[in-house]
Amino acid sequence: MEKLFYTRTGKMALGSRLRMLSALFTEEAEKIYEQNRIPLKAKWFPVFYMLSQNEEKTITEIALEIGHSQPSVSRIIREMTAKGLVKENKKSGDKRQNLVALSAKGKALVPAILEQCTDVNKAVEQLMQEATHDLWEAIGEWEFLLEQQPLSRRVLEQKKIRESSQVRIVHYEPKYKTVFRALNEAWISRYFEIEETDTRALSQPDKYILNKGGVILVALYEKQPVGVCALIKMDDPDYDYEMAKMAVAPEAQGKNIGKLLADAIIQKAKELGASRLYLESNTRLKPAINLYYKLGFKKINNRPSPYKRVNIQMALDLKKN
């Protein structure tokens, strides 16, 4: 029944399956100690091994070397001390700094433990030869990969990819006029103040953007408008269009919508024959600034701006991107 359960759940139950495998190995380890008549619990082995290599160590040192928490090591030390396998040399009021070492009884177990380790290593090697995949090497590889990028972050990226696939970028229609204004006013009001230039463009997008050769794109998620961005025609010798008025609804953030809108606007600018794209922003908007850099925009020298909030201006060479 257990195998059927994991077949149904798939990779979602990886942690549960690994715990089950770990429990199986722990159960077998306990049997091995019993059949060899060694009075040691499987969970004590990492601590026992570290102490068998040195005369004395602190709990903090042991915890760091075996990758356990200090409370966990402290519990094991207490249990081993109760069985007479460990002795403490109390040097401070902080138990974590007390030196611990194997007692004479603990040291007497070392030869038997070493013999058992030899048998276990050979048994595991035999098991690995019978298996199609090398579990030991796979575990090391997985640990390395998860150190580089944790599973939680990988899951978040997959969520973004899935949700991004449900986003549609469409051209502006009159029915989106209210949402175009509302989304932009929301983020501007949150960080700055709405200026006269904002009011004109947001209240009359046809007059100030579309009729002048510009474009407005709208992002739909589950058929609802959740993001907007404009491409404004510029009367400038250096730049053809400005990417502006990008806004994403708070509840839709984290779905890669800003990137999808920006990519679509850049592609539209290329289709319209633009060679250089311009934008204005503020460094307080760190996610947006990071996005612009990833898209290839570069910071340029200050130019006159109609907005008080602008403290950074950037440009993108479309011929190189």
# chains A, B, ... in the order shown; residues from 1 in each chain; ligands from 1
$ select_by_dssp --residues "range 11-222 of chain A" --states "helix (DSSP H, G or I)" --output "JSON, numbers by chain"
{"A": [11, 12, 13, 14, 15, 16, 17, 18, 19, 20, 21, 22, 23, 24, 25, 26, 27, 28, 29, 30, 31, 32, 33, 34, 35, 42, 43, 44, 45, 46, 47, 48, 49, 50, 51, 52, 53, 59, 60, 61, 62, 63, 64, 65, 66, 70, 71, 72, 73, 74, 75, 76, 77, 78, 79, 80, 81, 82, 95, 96, 97, 104, 105, 106, 107, 108, 110, 111, 112, 113, 114, 115, 116, 117, 118, 119, 120, 121, 122, 123, 124, 125, 126, 127, 128, 129, 130, 135, 136, 137, 138, 139, 140, 141, 142, 143, 144, 145, 146, 147, 148, 151, 152, 153, 154, 155, 156, 157, 158, 159, 160, 161, 162, 163, 164, 174, 175, 176, 177, 178, 179, 180, 181, 182, 183, 184, 185, 186, 187, 188, 189, 190, 191, 196, 197, 198, 199, 200, 201, 202, 203, 205, 206, 207, 208, 210, 211, 212]}
$ residues_around --residues "range 36-40 of chain A" --least-positions-apart "3" --cutoff "9 Å" --atoms "only C-alpha atoms" --output "list in words"
Glu30, Lys31, Ile32, Tyr33, Lys43, Trp44, Phe45, Phe48, Met80, Lys83, Leu109, Ala112, Ile113 and Gln116 of chain A
$ write_last_selection --atoms "N, CA and C atoms" --output "CSV table (one decimal), in the first residue's frame"
chain,number,residue,atom,x,y,z
A,30,GLU,N,19.9,-0.5,14.4
A,30,GLU,CA,19.7,-1.0,15.8
A,30,GLU,C,19.9,-2.5,15.9
A,31,LYS,N,19.4,-3.2,14.9
A,31,LYS,CA,19.5,-4.7,14.8
A,31,LYS,C,21.0,-5.1,14.8
A,32,ILE,N,21.7,-4.3,14.0
A,32,ILE,CA,23.2,-4.7,13.9
A,32,ILE,C,23.9,-4.5,15.2
A,33,TYR,N,23.6,-3.4,15.9
A,33,TYR,CA,24.2,-3.2,17.2
A,33,TYR,C,23.8,-4.4,18.2
A,43,LYS,N,21.6,6.4,16.8
A,43,LYS,CA,21.6,7.8,16.8
A,43,LYS,C,22.8,8.4,17.5
A,44,TRP,N,23.5,7.6,18.4
A,44,TRP,CA,24.6,8.1,19.1
A,44,TRP,C,25.9,8.0,18.2
A,45,PHE,N,25.9,7.2,17.2
A,45,PHE,CA,27.1,6.9,16.4
A,45,PHE,C,27.9,8.1,16.0
A,48,PHE,N,29.7,9.5,19.0
A,48,PHE,CA,30.7,8.5,19.4
A,48,PHE,C,31.9,8.5,18.5
A,80,MET,N,24.4,9.2,26.7
A,80,MET,CA,25.6,8.4,26.7
A,80,MET,C,26.3,8.5,28.1
A,83,LYS,N,24.7,6.2,30.5
A,83,LYS,CA,25.1,4.8,30.2
A,83,LYS,C,26.6,4.5,30.5
A,109,LEU,N,34.8,0.2,23.7
A,109,LEU,CA,33.9,-0.2,22.6
A,109,LEU,C,34.5,0.1,21.3
A,112,ALA,N,35.4,-2.9,18.8
A,112,ALA,CA,34.3,-3.6,18.3
A,112,ALA,C,33.5,-2.7,17.3
A,113,ILE,N,33.4,-1.4,17.5
A,113,ILE,CA,32.7,-0.5,16.6
A,113,ILE,C,33.5,-0.4,15.3
A,116,GLN,N,32.7,-3.5,13.3
A,116,GLN,CA,31.3,-3.4,12.8
A,116,GLN,C,31.3,-2.4,11.6
$ closest_atom_pairs --of "range 253-301 of chain A" --to "range 306-315 of chain A" --cutoff "12 Å" --atoms "only C-alpha atoms" --output "CSV"
residue,atom,partner,partner_atom,distance
A:Ile266,CA,A:Ala315,CA,11.7
A:Ser275,CA,A:Ala315,CA,10.5
A:Arg276,CA,A:Ala315,CA,6.9
A:Leu277,CA,A:Ala315,CA,5.5
A:Tyr278,CA,A:Ala315,CA,4.5
A:Leu279,CA,A:Met314,CA,5.4
A:Glu280,CA,A:Gln313,CA,4.5
A:Ser281,CA,A:Val310,CA,5.3
A:Asn282,CA,A:Asn311,CA,5.1
A:Thr283,CA,A:Ile312,CA,6.7
A:Arg284,CA,A:Asn311,CA,9.3
A:Leu285,CA,A:Ile312,CA,10.5
A:Lys286,CA,A:Ile312,CA,11.6
A:Ala288,CA,A:Ile312,CA,11.7
A:Ile289,CA,A:Ile312,CA,9.2
A:Asn290,CA,A:Met314,CA,11.9
A:Leu291,CA,A:Met314,CA,11.8
A:Tyr292,CA,A:Met314,CA,8.2
A:Tyr293,CA,A:Met314,CA,8.9
A:Leu295,CA,A:Ala315,CA,10.4
A:Gly296,CA,A:Ala315,CA,8.4
A:Phe297,CA,A:Ala315,CA,5.1
A:Lys298,CA,A:Met314,CA,5.2
A:Lys299,CA,A:Met314,CA,4.3
A:Ile300,CA,A:Met314,CA,5.3
A:Asn301,CA,A:Gln313,CA,7.2
$ residues_around --residues "range 166-174 of chain A" --least-positions-apart "3" --cutoff "6 Å" --atoms "only C-alpha atoms" --output "list in words"
Glu163, Lys177, Ile216, Leu217, Val218, Ala219, Leu220 and Tyr221 of chain A
$ write_last_selection --atoms "C-alpha atoms" --output "PDB file, in the first residue's frame"
ATOM      1  CA  GLU A 163       1.366  30.962 -13.522  1.00  0.00           C
ATOM      2  CA  LYS A 177      -9.191  52.470 -19.391  1.00  0.00           C
ATOM      3  CA  ILE A 216      -0.596  50.151 -24.409  1.00  0.00           C
ATOM      4  CA  LEU A 217      -0.472  46.450 -23.524  1.00  0.00           C
ATOM      5  CA  VAL A 218      -2.558  44.719 -20.877  1.00  0.00           C
ATOM      6  CA  ALA A 219      -1.710  41.503 -18.993  1.00  0.00           C
ATOM      7  CA  LEU A 220      -4.632  39.179 -18.320  1.00  0.00           C
ATOM      8  CA  TYR A 221      -4.452  36.467 -15.668  1.00  0.00           C
TER       9      TYR A 221
END
$ atom_distance --atom1 "CA of Gln97 in chain A" --atom2 "CA of Thr58 in chain A"
5.4 Å
$ closest_residue --among "A:Ala101, A:Arg190, A:Asp206, A:Ala274" --to "Glu242 in chain A" --atoms "only C-alpha atoms"
A:Ala274
$ residues_around --residues "Ala269 in chain A" --least-positions-apart "2" --cutoff "12 Å" --atoms "only C-alpha atoms" --output "MDAnalysis selection string"
chainID A and resid 213:217 230:234 239:243 262:267 271:278 316:319 321
